[in-house]
$ cat final_2.cif   # mmCIF, N, CA and C atoms and all ligand atoms
data_work
loop_
_atom_site.group_PDB
_atom_site.id
_atom_site.type_symbol
_atom_site.label_atom_id
_atom_site.label_comp_id
_atom_site.auth_asym_id
_atom_site.auth_seq_id
_atom_site.Cartn_x
_atom_site.Cartn_y
_atom_site.Cartn_z
ATOM 1 N N MET A 1 -58.988 43.649 -60.969
ATOM 2 C CA MET A 1 -58.638 44.311 -59.719
ATOM 3 C C MET A 1 -57.134 44.502 -59.634
ATOM 4 N N ASP A 2 -56.736 45.701 -59.224
ATOM 5 C CA ASP A 2 -55.315 45.977 -59.035
ATOM 6 C C ASP A 2 -54.812 45.332 -57.752
ATOM 7 N N LYS A 3 -53.522 45.143 -57.679
ATOM 8 C CA LYS A 3 -52.911 44.605 -56.463
ATOM 9 C C LYS A 3 -53.123 45.607 -55.330
ATOM 10 N N PRO A 4 -53.617 45.157 -54.160
ATOM 11 C CA PRO A 4 -53.884 46.113 -53.077
ATOM 12 C C PRO A 4 -52.591 46.688 -52.491
ATOM 13 N N GLU A 5 -52.690 47.921 -52.008
ATOM 14 C CA GLU A 5 -51.548 48.533 -51.325
ATOM 15 C C GLU A 5 -51.384 47.938 -49.934
ATOM 16 N N HIS A 6 -52.500 47.589 -49.328
ATOM 17 C CA HIS A 6 -52.503 46.930 -48.017
ATOM 18 C C HIS A 6 -53.460 45.750 -48.089
ATOM 19 N N HIS A 7 -52.965 44.606 -47.700
ATOM 20 C CA HIS A 7 -53.839 43.431 -47.610
ATOM 21 C C HIS A 7 -53.746 42.932 -46.177
ATOM 22 N N LEU A 8 -54.847 43.072 -45.454
ATOM 23 C CA LEU A 8 -54.888 42.616 -44.065
ATOM 24 C C LEU A 8 -55.324 41.159 -44.037
ATOM 25 N N PHE A 9 -54.559 40.355 -43.326
ATOM 26 C CA PHE A 9 -54.884 38.940 -43.162
ATOM 27 C C PHE A 9 -55.216 38.696 -41.698
ATOM 28 N N ILE A 10 -56.425 38.254 -41.448
ATOM 29 C CA ILE A 10 -56.872 37.989 -40.087
ATOM 30 C C ILE A 10 -56.898 36.482 -39.877
ATOM 31 N N CYS A 11 -56.271 36.033 -38.805
ATOM 32 C CA CYS A 11 -56.243 34.598 -38.524
ATOM 33 C C CYS A 11 -57.641 34.108 -38.155
ATOM 34 N N GLY A 12 -58.097 33.131 -38.917
ATOM 35 C CA GLY A 12 -59.391 32.517 -38.625
ATOM 36 C C GLY A 12 -59.249 31.151 -37.998
ATOM 37 N N SER A 13 -58.019 30.787 -37.704
ATOM 38 C CA SER A 13 -57.718 29.529 -37.017
ATOM 39 C C SER A 13 -58.033 28.286 -37.835
ATOM 40 N N ALA A 14 -58.242 28.427 -39.136
ATOM 41 C CA ALA A 14 -58.644 27.270 -39.930
ATOM 42 C C ALA A 14 -57.552 26.208 -39.959
ATOM 43 N N ARG A 15 -57.991 24.978 -39.787
ATOM 44 C CA ARG A 15 -57.088 23.837 -39.901
ATOM 45 C C ARG A 15 -57.057 23.374 -41.355
ATOM 46 N N ALA A 16 -56.167 22.453 -41.658
ATOM 47 C CA ALA A 16 -56.036 21.954 -43.027
ATOM 48 C C ALA A 16 -57.340 21.365 -43.540
ATOM 49 N N THR A 17 -58.181 20.891 -42.633
ATOM 50 C CA THR A 17 -59.478 20.317 -43.022
ATOM 51 C C THR A 17 -60.504 21.396 -43.349
ATOM 52 N N GLY A 18 -60.162 22.665 -43.051
ATOM 53 C CA GLY A 18 -61.104 23.755 -43.235
ATOM 54 C C GLY A 18 -61.879 24.071 -41.980
ATOM 55 N N GLU A 19 -61.718 23.221 -40.976
ATOM 56 C CA GLU A 19 -62.427 23.430 -39.707
ATOM 57 C C GLU A 19 -61.877 24.666 -38.998
ATOM 58 N N LEU A 20 -62.771 25.546 -38.544
ATOM 59 C CA LEU A 20 -62.351 26.721 -37.788
ATOM 60 C C LEU A 20 -62.243 26.315 -36.329
ATOM 61 N N LYS A 21 -61.028 26.135 -35.866
ATOM 62 C CA LYS A 21 -60.837 25.618 -34.520
ATOM 63 C C LYS A 21 -59.503 26.135 -33.989
ATOM 64 N N GLY A 22 -59.546 26.994 -32.995
ATOM 65 C CA GLY A 22 -58.298 27.486 -32.446
ATOM 66 C C GLY A 22 -58.494 28.755 -31.657
ATOM 67 N N VAL A 23 -57.376 29.275 -31.161
ATOM 68 C CA VAL A 23 -57.396 30.417 -30.253
ATOM 69 C C VAL A 23 -58.042 31.643 -30.886
ATOM 70 N N CYS A 24 -57.596 32.001 -32.062
ATOM 71 C CA CYS A 24 -58.096 33.243 -32.664
ATOM 72 C C CYS A 24 -59.596 33.149 -32.944
ATOM 73 N N CYS A 25 -60.011 32.024 -33.485
ATOM 74 C CA CYS A 25 -61.440 31.818 -33.762
ATOM 75 C C CYS A 25 -62.249 31.919 -32.470
ATOM 76 N N ASN A 26 -61.724 31.335 -31.405
ATOM 77 C CA ASN A 26 -62.430 31.370 -30.120
ATOM 78 C C ASN A 26 -62.481 32.771 -29.527
ATOM 79 N N LYS A 27 -61.633 33.664 -30.026
ATOM 80 C CA LYS A 27 -61.650 35.062 -29.572
ATOM 81 C C LYS A 27 -62.312 35.955 -30.617
ATOM 82 N N ASP A 28 -63.234 35.380 -31.371
ATOM 83 C CA ASP A 28 -64.083 36.133 -32.316
ATOM 84 C C ASP A 28 -63.334 36.758 -33.485
ATOM 85 N N SER A 29 -62.229 36.143 -33.915
ATOM 86 C CA SER A 29 -61.513 36.719 -35.057
ATOM 87 C C SER A 29 -62.352 36.676 -36.329
ATOM 88 N N VAL A 30 -63.233 35.684 -36.450
ATOM 89 C CA VAL A 30 -64.049 35.591 -37.664
ATOM 90 C C VAL A 30 -64.955 36.822 -37.784
ATOM 91 N N ALA A 31 -65.468 37.295 -36.649
ATOM 92 C CA ALA A 31 -66.317 38.493 -36.676
ATOM 93 C C ALA A 31 -65.521 39.726 -37.100
ATOM 94 N N LEU A 32 -64.209 39.702 -36.840
ATOM 95 C CA LEU A 32 -63.372 40.845 -37.242
ATOM 96 C C LEU A 32 -63.292 40.991 -38.756
ATOM 97 N N LEU A 33 -63.453 39.879 -39.463
ATOM 98 C CA LEU A 33 -63.405 39.946 -40.929
ATOM 99 C C LEU A 33 -64.528 40.836 -41.445
ATOM 100 N N SER A 34 -65.754 40.576 -41.005
ATOM 101 C CA SER A 34 -66.877 41.385 -41.494
ATOM 102 C C SER A 34 -66.781 42.814 -40.984
ATOM 103 N N TYR A 35 -66.295 42.976 -39.736
ATOM 104 C CA TYR A 35 -66.130 44.338 -39.215
ATOM 105 C C TYR A 35 -65.142 45.120 -40.085
ATOM 106 N N THR A 36 -64.031 44.472 -40.415
ATOM 107 C CA THR A 36 -62.991 45.148 -41.213
ATOM 108 C C THR A 36 -63.515 45.466 -42.610
ATOM 109 N N GLN A 37 -64.240 44.525 -43.210
ATOM 110 C CA GLN A 37 -64.823 44.789 -44.533
ATOM 111 C C GLN A 37 -65.761 45.991 -44.483
ATOM 112 N N SER A 38 -66.575 46.057 -43.443
ATOM 113 C CA SER A 38 -67.508 47.184 -43.311
ATOM 114 C C SER A 38 -66.764 48.500 -43.131
ATOM 115 N N GLU A 39 -65.733 48.477 -42.311
ATOM 116 C CA GLU A 39 -64.951 49.700 -42.081
ATOM 117 C C GLU A 39 -64.276 50.179 -43.368
ATOM 118 N N ILE A 40 -63.734 49.227 -44.136
ATOM 119 C CA ILE A 40 -63.078 49.598 -45.401
ATOM 120 C C ILE A 40 -64.094 50.273 -46.326
ATOM 121 N N GLN A 41 -65.317 49.709 -46.366
ATOM 122 C CA GLN A 41 -66.366 50.293 -47.211
ATOM 123 C C GLN A 41 -66.801 51.648 -46.683
ATOM 124 N N ASP A 42 -67.048 51.731 -45.363
ATOM 125 C CA ASP A 42 -67.511 52.988 -44.773
ATOM 126 C C ASP A 42 -66.496 54.113 -44.977
ATOM 127 N N ARG A 43 -65.230 53.747 -44.890
ATOM 128 C CA ARG A 43 -64.172 54.759 -45.048
ATOM 129 C C ARG A 43 -63.832 55.010 -46.515
ATOM 130 N N MET A 44 -64.448 54.222 -47.397
ATOM 131 C CA MET A 44 -64.184 54.302 -48.836
ATOM 132 C C MET A 44 -62.690 54.210 -49.133
ATOM 133 N N LEU A 45 -62.053 53.239 -48.471
ATOM 134 C CA LEU A 45 -60.620 53.033 -48.669
ATOM 135 C C LEU A 45 -60.400 52.202 -49.927
ATOM 136 N N SER A 46 -59.694 52.755 -50.875
ATOM 137 C CA SER A 46 -59.341 51.959 -52.049
ATOM 138 C C SER A 46 -57.943 51.387 -51.818
ATOM 139 N N GLY A 47 -57.691 50.259 -52.407
ATOM 140 C CA GLY A 47 -56.362 49.653 -52.277
ATOM 141 C C GLY A 47 -56.152 48.928 -50.962
ATOM 142 N N VAL A 48 -57.237 48.669 -50.219
ATOM 143 C CA VAL A 48 -57.139 47.934 -48.957
ATOM 144 C C VAL A 48 -58.083 46.731 -49.027
ATOM 145 N N GLU A 49 -57.541 45.559 -48.806
ATOM 146 C CA GLU A 49 -58.325 44.325 -48.835
ATOM 147 C C GLU A 49 -58.144 43.597 -47.513
ATOM 148 N N VAL A 50 -59.064 42.710 -47.229
ATOM 149 C CA VAL A 50 -58.937 41.885 -46.017
ATOM 150 C C VAL A 50 -59.332 40.462 -46.369
ATOM 151 N N SER A 51 -58.608 39.523 -45.812
ATOM 152 C CA SER A 51 -58.886 38.099 -46.010
ATOM 153 C C SER A 51 -58.659 37.365 -44.705
ATOM 154 N N MET A 52 -59.233 36.177 -44.643
ATOM 155 C CA MET A 52 -59.048 35.328 -43.465
ATOM 156 C C MET A 52 -58.010 34.261 -43.793
ATOM 157 N N THR A 53 -57.211 33.920 -42.814
ATOM 158 C CA THR A 53 -56.178 32.907 -43.023
ATOM 159 C C THR A 53 -56.400 31.720 -42.086
ATOM 160 N N GLY A 54 -55.610 30.710 -42.308
ATOM 161 C CA GLY A 54 -55.508 29.618 -41.359
ATOM 162 C C GLY A 54 -54.613 30.037 -40.211
ATOM 163 N N CYS A 55 -54.377 29.114 -39.299
ATOM 164 C CA CYS A 55 -53.548 29.406 -38.127
ATOM 165 C C CYS A 55 -52.172 29.906 -38.551
ATOM 166 N N LEU A 56 -51.744 30.993 -37.931
ATOM 167 C CA LEU A 56 -50.454 31.612 -38.246
ATOM 168 C C LEU A 56 -49.361 31.173 -37.271
ATOM 169 N N ASN A 57 -49.696 30.212 -36.421
ATOM 170 C CA ASN A 57 -48.734 29.636 -35.472
ATOM 171 C C ASN A 57 -48.178 30.652 -34.479
ATOM 172 N N MET A 58 -49.010 31.638 -34.146
ATOM 173 C CA MET A 58 -48.661 32.597 -33.108
ATOM 174 C C MET A 58 -49.853 32.690 -32.154
ATOM 175 N N CYS A 59 -50.429 31.533 -31.860
ATOM 176 C CA CYS A 59 -51.720 31.465 -31.183
ATOM 177 C C CYS A 59 -51.751 32.209 -29.848
ATOM 178 N N ASN A 60 -50.652 32.170 -29.114
ATOM 179 C CA ASN A 60 -50.654 32.823 -27.802
ATOM 180 C C ASN A 60 -50.767 34.343 -27.914
ATOM 181 N N GLN A 61 -50.643 34.883 -29.126
ATOM 182 C CA GLN A 61 -50.757 36.328 -29.318
ATOM 183 C C GLN A 61 -52.041 36.705 -30.066
ATOM 184 N N GLY A 62 -52.889 35.739 -30.276
ATOM 185 C CA GLY A 62 -54.066 35.959 -31.088
ATOM 186 C C GLY A 62 -55.173 36.752 -30.417
ATOM 187 N N PRO A 63 -56.080 37.195 -31.237
ATOM 188 C CA PRO A 63 -56.137 37.084 -32.683
ATOM 189 C C PRO A 63 -55.020 37.875 -33.369
ATOM 190 N N VAL A 64 -54.424 37.263 -34.368
ATOM 191 C CA VAL A 64 -53.293 37.861 -35.076
ATOM 192 C C VAL A 64 -53.772 38.429 -36.413
ATOM 193 N N VAL A 65 -53.245 39.624 -36.735
ATOM 194 C CA VAL A 65 -53.515 40.273 -38.025
ATOM 195 C C VAL A 65 -52.175 40.613 -38.663
ATOM 196 N N ILE A 66 -52.062 40.371 -39.958
ATOM 197 C CA ILE A 66 -50.859 40.753 -40.703
ATOM 198 C C ILE A 66 -51.253 41.795 -41.742
ATOM 199 N N ASP A 67 -50.430 42.813 -41.873
ATOM 200 C CA ASP A 67 -50.601 43.838 -42.913
ATOM 201 C C ASP A 67 -49.492 43.636 -43.939
ATOM 202 N N TYR A 68 -49.890 43.167 -45.133
ATOM 203 C CA TYR A 68 -48.947 42.998 -46.233
ATOM 204 C C TYR A 68 -49.129 44.109 -47.232
ATOM 205 N N PRO A 69 -48.109 44.500 -47.971
ATOM 206 C CA PRO A 69 -46.817 43.832 -48.104
ATOM 207 C C PRO A 69 -45.793 44.227 -47.050
ATOM 208 N N GLY A 70 -46.168 45.116 -46.120
ATOM 209 C CA GLY A 70 -45.196 45.551 -45.110
ATOM 210 C C GLY A 70 -44.753 44.410 -44.206
ATOM 211 N N GLY A 71 -45.628 43.411 -44.057
ATOM 212 C CA GLY A 71 -45.282 42.279 -43.210
ATOM 213 C C GLY A 71 -45.348 42.612 -41.732
ATOM 214 N N HIS A 72 -46.233 43.549 -41.372
ATOM 215 C CA HIS A 72 -46.377 43.927 -39.968
ATOM 216 C C HIS A 72 -47.397 43.012 -39.304
ATOM 217 N N TYR A 73 -46.985 42.408 -38.199
ATOM 218 C CA TYR A 73 -47.836 41.492 -37.447
ATOM 219 C C TYR A 73 -48.378 42.203 -36.210
ATOM 220 N N TYR A 74 -49.670 41.989 -35.947
ATOM 221 C CA TYR A 74 -50.325 42.595 -34.784
ATOM 222 C C TYR A 74 -50.933 41.515 -33.915
ATOM 223 N N SER A 75 -50.855 41.724 -32.610
ATOM 224 C CA SER A 75 -51.399 40.756 -31.655
ATOM 225 C C SER A 75 -52.710 41.260 -31.067
ATOM 226 N N LYS A 76 -53.443 40.319 -30.486
ATOM 227 C CA LYS A 76 -54.644 40.608 -29.704
ATOM 228 C C LYS A 76 -55.582 41.581 -30.423
ATOM 229 N N ALA A 77 -55.867 41.257 -31.662
ATOM 230 C CA ALA A 77 -56.701 42.148 -32.478
ATOM 231 C C ALA A 77 -58.146 42.167 -31.993
ATOM 232 N N ASP A 78 -58.700 43.353 -32.016
ATOM 233 C CA ASP A 78 -60.121 43.554 -31.767
ATOM 234 C C ASP A 78 -60.559 44.730 -32.643
ATOM 235 N N GLU A 79 -61.813 45.145 -32.499
ATOM 236 C CA GLU A 79 -62.316 46.214 -33.357
ATOM 237 C C GLU A 79 -61.532 47.509 -33.166
ATOM 238 N N ASP A 80 -61.123 47.804 -31.940
ATOM 239 C CA ASP A 80 -60.344 49.029 -31.688
ATOM 240 C C ASP A 80 -59.006 48.991 -32.416
ATOM 241 N N LEU A 81 -58.365 47.824 -32.417
ATOM 242 C CA LEU A 81 -57.081 47.730 -33.108
ATOM 243 C C LEU A 81 -57.283 47.857 -34.622
ATOM 244 N N ILE A 82 -58.330 47.234 -35.144
ATOM 245 C CA ILE A 82 -58.610 47.374 -36.582
ATOM 246 C C ILE A 82 -58.808 48.847 -36.920
ATOM 247 N N ASP A 83 -59.540 49.574 -36.065
ATOM 248 C CA ASP A 83 -59.722 51.019 -36.293
ATOM 249 C C ASP A 83 -58.366 51.728 -36.334
ATOM 250 N N ASP A 84 -57.495 51.404 -35.382
ATOM 251 C CA ASP A 84 -56.185 52.054 -35.334
ATOM 252 C C ASP A 84 -55.352 51.726 -36.571
ATOM 253 N N ILE A 85 -55.402 50.466 -37.002
ATOM 254 C CA ILE A 85 -54.642 50.070 -38.196
ATOM 255 C C ILE A 85 -55.162 50.824 -39.420
ATOM 256 N N LEU A 86 -56.491 50.893 -39.555
ATOM 257 C CA LEU A 86 -57.063 51.590 -40.718
ATOM 258 C C LEU A 86 -56.813 53.096 -40.635
ATOM 259 N N ASP A 87 -56.861 53.655 -39.411
ATOM 260 C CA ASP A 87 -56.519 55.087 -39.254
ATOM 261 C C ASP A 87 -55.104 55.345 -39.747
ATOM 262 N N ALA A 88 -54.175 54.480 -39.344
ATOM 263 C CA ALA A 88 -52.769 54.647 -39.738
ATOM 264 C C ALA A 88 -52.608 54.530 -41.249
ATOM 265 N N ILE A 89 -53.324 53.559 -41.847
ATOM 266 C CA ILE A 89 -53.261 53.404 -43.301
ATOM 267 C C ILE A 89 -53.744 54.684 -43.976
ATOM 268 N N GLU A 90 -54.859 55.240 -43.472
ATOM 269 C CA GLU A 90 -55.383 56.471 -44.065
ATOM 270 C C GLU A 90 -54.398 57.620 -43.956
ATOM 271 N N GLU A 91 -53.624 57.623 -42.886
ATOM 272 C CA GLU A 91 -52.668 58.711 -42.659
ATOM 273 C C GLU A 91 -51.289 58.400 -43.211
ATOM 274 N N GLY A 92 -51.146 57.239 -43.855
ATOM 275 C CA GLY A 92 -49.847 56.866 -44.429
ATOM 276 C C GLY A 92 -48.809 56.578 -43.375
ATOM 277 N N GLU A 93 -49.279 56.128 -42.207
ATOM 278 C CA GLU A 93 -48.356 55.850 -41.103
ATOM 279 C C GLU A 93 -48.443 54.382 -40.700
ATOM 280 N N LEU A 94 -47.581 53.998 -39.777
ATOM 281 C CA LEU A 94 -47.568 52.640 -39.264
ATOM 282 C C LEU A 94 -48.251 52.617 -37.904
ATOM 283 N N CYS A 95 -49.228 51.750 -37.731
ATOM 284 C CA CYS A 95 -49.851 51.583 -36.428
ATOM 285 C C CYS A 95 -48.850 50.879 -35.513
ATOM 286 N N GLU A 96 -48.579 51.484 -34.389
ATOM 287 C CA GLU A 96 -47.571 50.925 -33.468
ATOM 288 C C GLU A 96 -48.206 50.053 -32.395
ATOM 289 N N ARG A 97 -49.518 50.245 -32.178
ATOM 290 C CA ARG A 97 -50.181 49.510 -31.101
ATOM 291 C C ARG A 97 -50.237 48.015 -31.423
ATOM 292 N N ASN A 98 -49.855 47.210 -30.454
ATOM 293 C CA ASN A 98 -49.896 45.743 -30.551
ATOM 294 C C ASN A 98 -49.028 45.199 -31.690
ATOM 295 N N LEU A 99 -48.103 46.021 -32.169
ATOM 296 C CA LEU A 99 -47.192 45.578 -33.229
ATOM 297 C C LEU A 99 -46.248 44.540 -32.633
ATOM 298 N N ILE A 100 -46.141 43.399 -33.265
ATOM 299 C CA ILE A 100 -45.234 42.351 -32.807
ATOM 300 C C ILE A 100 -43.861 42.631 -33.407
ATOM 301 N N ALA A 101 -42.906 42.883 -32.520
ATOM 302 C CA ALA A 101 -41.551 43.254 -33.009
ATOM 303 C C ALA A 101 -40.820 42.045 -33.550
HETATM 304 S S1 LIG B 201 -55.149 30.219 -34.181
HETATM 305 FE FE1 LIG B 201 -54.502 32.213 -34.802
HETATM 306 S S2 LIG B 201 -52.361 32.152 -34.725
HETATM 307 FE FE2 LIG B 201 -53.000 30.116 -34.285
#
$ encode --input "final_2.cif" --output "structure tokens" --more "lines below"
Ligand code: FES
Amino acid sequence: MDKPEHHLFICGSARATGELKGVCCNKDSVALLSYTQSEIQDRMLSGVEVSMTGCLNMCNQGPVVIDYPGGHYYSKADEDLIDDILDAIEEGELCERNLIA
């Protein structure tokens, strides 16, 4: 597999023990992982991957999503925001909504 052009990291609130416990998890961030995977497949986006992370220490802004390698952080992620982020990726633009400055 080639290195992805965009790798989305969704906070799953995992603790060092592996336990999913925290703000983002309680706001259904884990469900966003499967939603994002499905959207990537449905849109046939190549070069876009998604993974779940542990707590990103920005809990008050969660669920948090990071788009690497750009290093863009997004707050309060939901399915609509994932759609906007993927739309922007398809158009070669930066999603501005919920972007953490
Ligand atoms: S639980 Fe997601 S940033 Fe802390």
$ resolve_selection --input "final_2.cif" --expression "the PyMOL selection byres (((not hetatm) and name CA) within 9 of (chain B and resi 201))" --output "list in words"
Ile10, Cys11, Gly12, Ser13, Ala14, Arg15, Leu20, Lys21, Gly22, Val23, Cys24, Cys25, Asn26, Ser29, Thr53, Gly54, Cys55, Leu56, Asn57, Met58, Cys59, Asn60, Gln61, Gly62, Pro63, Val64 and Val65 of chain A
$ atom_distance --input "final_2.cif" --atom1 "CA of Ser51 in chain A" --atom2 "CA of Gly92 in chain A"
20.9 Å
$ resolve_selection --input "final_2.cif" --expression "the PyMOL selection byres (((chain A and resi 81-84) around 8) and not hetatm)" --output "VMD selection string"
chain A and resid 35 to 36 39 76 to 80 85 to 90 94 to 98
$ write_last_selection --input "final_2.cif" --atoms "N, CA and C atoms" --output "PDB file, keeping the file's coordinate frame"
ATOM      1  N   TYR A  35     -66.295  42.976 -39.736  1.00  0.00           N
ATOM      2  CA  TYR A  35     -66.130  44.338 -39.215  1.00  0.00           C
ATOM      3  C   TYR A  35     -65.142  45.120 -40.085  1.00  0.00           C
ATOM      4  N   THR A  36     -64.031  44.472 -40.415  1.00  0.00           N
ATOM      5  CA  THR A  36     -62.991  45.148 -41.213  1.00  0.00           C
ATOM      6  C   THR A  36     -63.515  45.466 -42.610  1.00  0.00           C
ATOM      7  N   GLU A  39     -65.733  48.477 -42.311  1.00  0.00           N
ATOM      8  CA  GLU A  39     -64.951  49.700 -42.081  1.00  0.00           C
ATOM      9  C   GLU A  39     -64.276  50.179 -43.368  1.00  0.00           C
ATOM     10  N   LYS A  76     -53.443  40.319 -30.486  1.00  0.00           N
ATOM     11  CA  LYS A  76     -54.644  40.608 -29.704  1.00  0.00           C
ATOM     12  C   LYS A  76     -55.582  41.581 -30.423  1.00  0.00           C
ATOM     13  N   ALA A  77     -55.867  41.257 -31.662  1.00  0.00           N
ATOM     14  CA  ALA A  77     -56.701  42.148 -32.478  1.00  0.00           C
ATOM     15  C   ALA A  77     -58.146  42.167 -31.993  1.00  0.00           C
ATOM     16  N   ASP A  78     -58.700  43.353 -32.016  1.00  0.00           N
ATOM     17  CA  ASP A  78     -60.121  43.554 -31.767  1.00  0.00           C
ATOM     18  C   ASP A  78     -60.559  44.730 -32.643  1.00  0.00           C
ATOM     19  N   GLU A  79     -61.813  45.145 -32.499  1.00  0.00           N
ATOM     20  CA  GLU A  79     -62.316  46.214 -33.357  1.00  0.00           C
ATOM     21  C   GLU A  79     -61.532  47.509 -33.166  1.00  0.00           C
ATOM     22  N   ASP A  80     -61.123  47.804 -31.940  1.00  0.00           N
ATOM     23  CA  ASP A  80     -60.344  49.029 -31.688  1.00  0.00           C
ATOM     24  C   ASP A  80     -59.006  48.991 -32.416  1.00  0.00           C
ATOM     25  N   ILE A  85     -55.402  50.466 -37.002  1.00  0.00           N
ATOM     26  CA  ILE A  85     -54.642  50.070 -38.196  1.00  0.00           C
ATOM     27  C   ILE A  85     -55.162  50.824 -39.420  1.00  0.00           C
ATOM     28  N   LEU A  86     -56.491  50.893 -39.555  1.00  0.00           N
ATOM     29  CA  LEU A  86     -57.063  51.590 -40.718  1.00  0.00           C
ATOM     30  C   LEU A  86     -56.813  53.096 -40.635  1.00  0.00           C
ATOM     31  N   ASP A  87     -56.861  53.655 -39.411  1.00  0.00           N
ATOM     32  CA  ASP A  87     -56.519  55.087 -39.254  1.00  0.00           C
ATOM     33  C   ASP A  87     -55.104  55.345 -39.747  1.00  0.00           C
ATOM     34  N   ALA A  88     -54.175  54.480 -39.344  1.00  0.00           N
ATOM     35  CA  ALA A  88     -52.769  54.647 -39.738  1.00  0.00           C
ATOM     36  C   ALA A  88     -52.608  54.530 -41.249  1.00  0.00           C
ATOM     37  N   ILE A  89     -53.324  53.559 -41.847  1.00  0.00           N
ATOM     38  CA  ILE A  89     -53.261  53.404 -43.301  1.00  0.00           C
ATOM     39  C   ILE A  89     -53.744  54.684 -43.976  1.00  0.00           C
ATOM     40  N   GLU A  90     -54.859  55.240 -43.472  1.00  0.00           N
ATOM     41  CA  GLU A  90     -55.383  56.471 -44.065  1.00  0.00           C
ATOM     42  C   GLU A  90     -54.398  57.620 -43.956  1.00  0.00           C
ATOM     43  N   LEU A  94     -47.581  53.998 -39.777  1.00  0.00           N
ATOM     44  CA  LEU A  94     -47.568  52.640 -39.264  1.00  0.00           C
ATOM     45  C   LEU A  94     -48.251  52.617 -37.904  1.00  0.00           C
ATOM     46  N   CYS A  95     -49.228  51.750 -37.731  1.00  0.00           N
ATOM     47  CA  CYS A  95     -49.851  51.583 -36.428  1.00  0.00           C
ATOM     48  C   CYS A  95     -48.850  50.879 -35.513  1.00  0.00           C
ATOM     49  N   GLU A  96     -48.579  51.484 -34.389  1.00  0.00           N
ATOM     50  CA  GLU A  96     -47.571  50.925 -33.468  1.00  0.00           C
ATOM     51  C   GLU A  96     -48.206  50.053 -32.395  1.00  0.00           C
ATOM     52  N   ARG A  97     -49.518  50.245 -32.178  1.00  0.00           N
ATOM     53  CA  ARG A  97     -50.181  49.510 -31.101  1.00  0.00           C
ATOM     54  C   ARG A  97     -50.237  48.015 -31.423  1.00  0.00           C
ATOM     55  N   ASN A  98     -49.855  47.210 -30.454  1.00  0.00           N
ATOM     56  CA  ASN A  98     -49.896  45.743 -30.551  1.00  0.00           C
ATOM     57  C   ASN A  98     -49.028  45.199 -31.690  1.00  0.00           C
TER      58      ASN A  98
END
$ atom_distance --input "final_2.cif" --atom1 "atom N of Glu93 in chain A" --atom2 "atom N of Gly70 in chain A"
12.1 Å
$ atom_distance --input "final_2.cif" --atom1 "CA of Ile40 in chain A" --atom2 "CA of Lys27 in chain A"
21.5 Å
$ select_by_dssp --input "final_2.cif" --residues "range 28-81 of chain A" --states "strand (DSSP E)" --output "list in words"
Val48, Glu49, Val50, Ser51, Met52, Thr53, Gly54, Val65, Ile66, Asp67, Tyr68, His72, Tyr73 and Tyr74 of chain A
$ select_by_dssp --input "final_2.cif" --residues "chain A" --states "helix (DSSP H, G or I)" --output "PyMOL selection string"
chain A and resi 23-26+29-42+59-61+79-90
$ resolve_selection --input "final_2.cif" --expression "the PyMOL selection byres (((chain A and resi 101 and name CA) around 8) and not hetatm and name CA)" --output "list in words"
Tyr73, Leu99 and Ile100 of chain A
$ axis_aligned_box --input "final_2.cif" --around "range 85-99 of chain A" --padding-each-side "5 Å" --output "AutoDock Vina command-line options"
--center_x -51.7 --center_y 51.6 --center_z -37.4 --size_x 20.8 --size_y 24.2 --size_z 24.0
$ closest_residue --input "final_2.cif" --among "A:Gly47, A:Asp28, A:Ser75, A:Glu91" --to "Lys3 in chain A" --atoms "only N, CA and C atoms"
A:Gly47
$ residues_around --input "final_2.cif" --residues "Glu5 in chain A" --least-positions-apart "2" --cutoff "7 Å" --atoms "only N, CA and C atoms" --output "JSON, numbers by chain"
{"A": [2, 3, 7, 46, 47, 48, 49, 68, 69]}
$ decode --input "final_2.cif" --residues "range 49-59 of chain A" --atoms "N, CA and C atoms" --output "PDB file, in the first residue's frame"
ATOM      1  N   GLU A  49      -7.277   7.348   3.859  1.00  0.00           N
ATOM      2  CA  GLU A  49      -7.416   6.307   4.876  1.00  0.00           C
ATOM      3  C   GLU A  49      -8.015   6.922   6.130  1.00  0.00           C
ATOM      4  N   VAL A  50      -8.561   6.076   6.967  1.00  0.00           N
ATOM      5  CA  VAL A  50      -9.090   6.555   8.253  1.00  0.00           C
ATOM      6  C   VAL A  50      -8.695   5.558   9.328  1.00  0.00           C
ATOM      7  N   SER A  51      -8.342   6.080  10.476  1.00  0.00           N
ATOM      8  CA  SER A  51      -7.978   5.258  11.632  1.00  0.00           C
ATOM      9  C   SER A  51      -8.532   5.896  12.888  1.00  0.00           C
ATOM     10  N   MET A  52      -8.611   5.079  13.924  1.00  0.00           N
ATOM     11  CA  MET A  52      -9.071   5.574  15.221  1.00  0.00           C
ATOM     12  C   MET A  52      -7.857   5.793  16.116  1.00  0.00           C
ATOM     13  N   THR A  53      -7.921   6.819  16.927  1.00  0.00           N
ATOM     14  CA  THR A  53      -6.809   7.120  17.827  1.00  0.00           C
ATOM     15  C   THR A  53      -7.270   7.054  19.283  1.00  0.00           C
ATOM     16  N   GLY A  54      -6.309   7.167  20.153  1.00  0.00           N
ATOM     17  CA  GLY A  54      -6.594   7.386  21.558  1.00  0.00           C
ATOM     18  C   GLY A  54      -6.931   8.847  21.777  1.00  0.00           C
ATOM     19  N   CYS A  55      -7.150   9.206  23.026  1.00  0.00           N
ATOM     20  CA  CYS A  55      -7.512  10.585  23.362  1.00  0.00           C
ATOM     21  C   CYS A  55      -6.458  11.559  22.849  1.00  0.00           C
ATOM     22  N   LEU A  56      -6.923  12.611  22.195  1.00  0.00           N
ATOM     23  CA  LEU A  56      -6.035  13.623  21.617  1.00  0.00           C
ATOM     24  C   LEU A  56      -5.878  14.832  22.540  1.00  0.00           C
ATOM     25  N   ASN A  57      -6.417  14.714  23.745  1.00  0.00           N
ATOM     26  CA  ASN A  57      -6.286  15.762  24.766  1.00  0.00           C
ATOM     27  C   ASN A  57      -6.907  17.093  24.354  1.00  0.00           C
ATOM     28  N   MET A  58      -7.968  17.002  23.552  1.00  0.00           N
ATOM     29  CA  MET A  58      -8.740  18.183  23.192  1.00  0.00           C
ATOM     30  C   MET A  58     -10.214  17.852  23.431  1.00  0.00           C
ATOM     31  N   CYS A  59     -10.466  17.173  24.542  1.00  0.00           N
ATOM     32  CA  CYS A  59     -11.765  16.558  24.791  1.00  0.00           C
ATOM     33  C   CYS A  59     -12.933  17.542  24.722  1.00  0.00           C
TER      34      CYS A  59
END
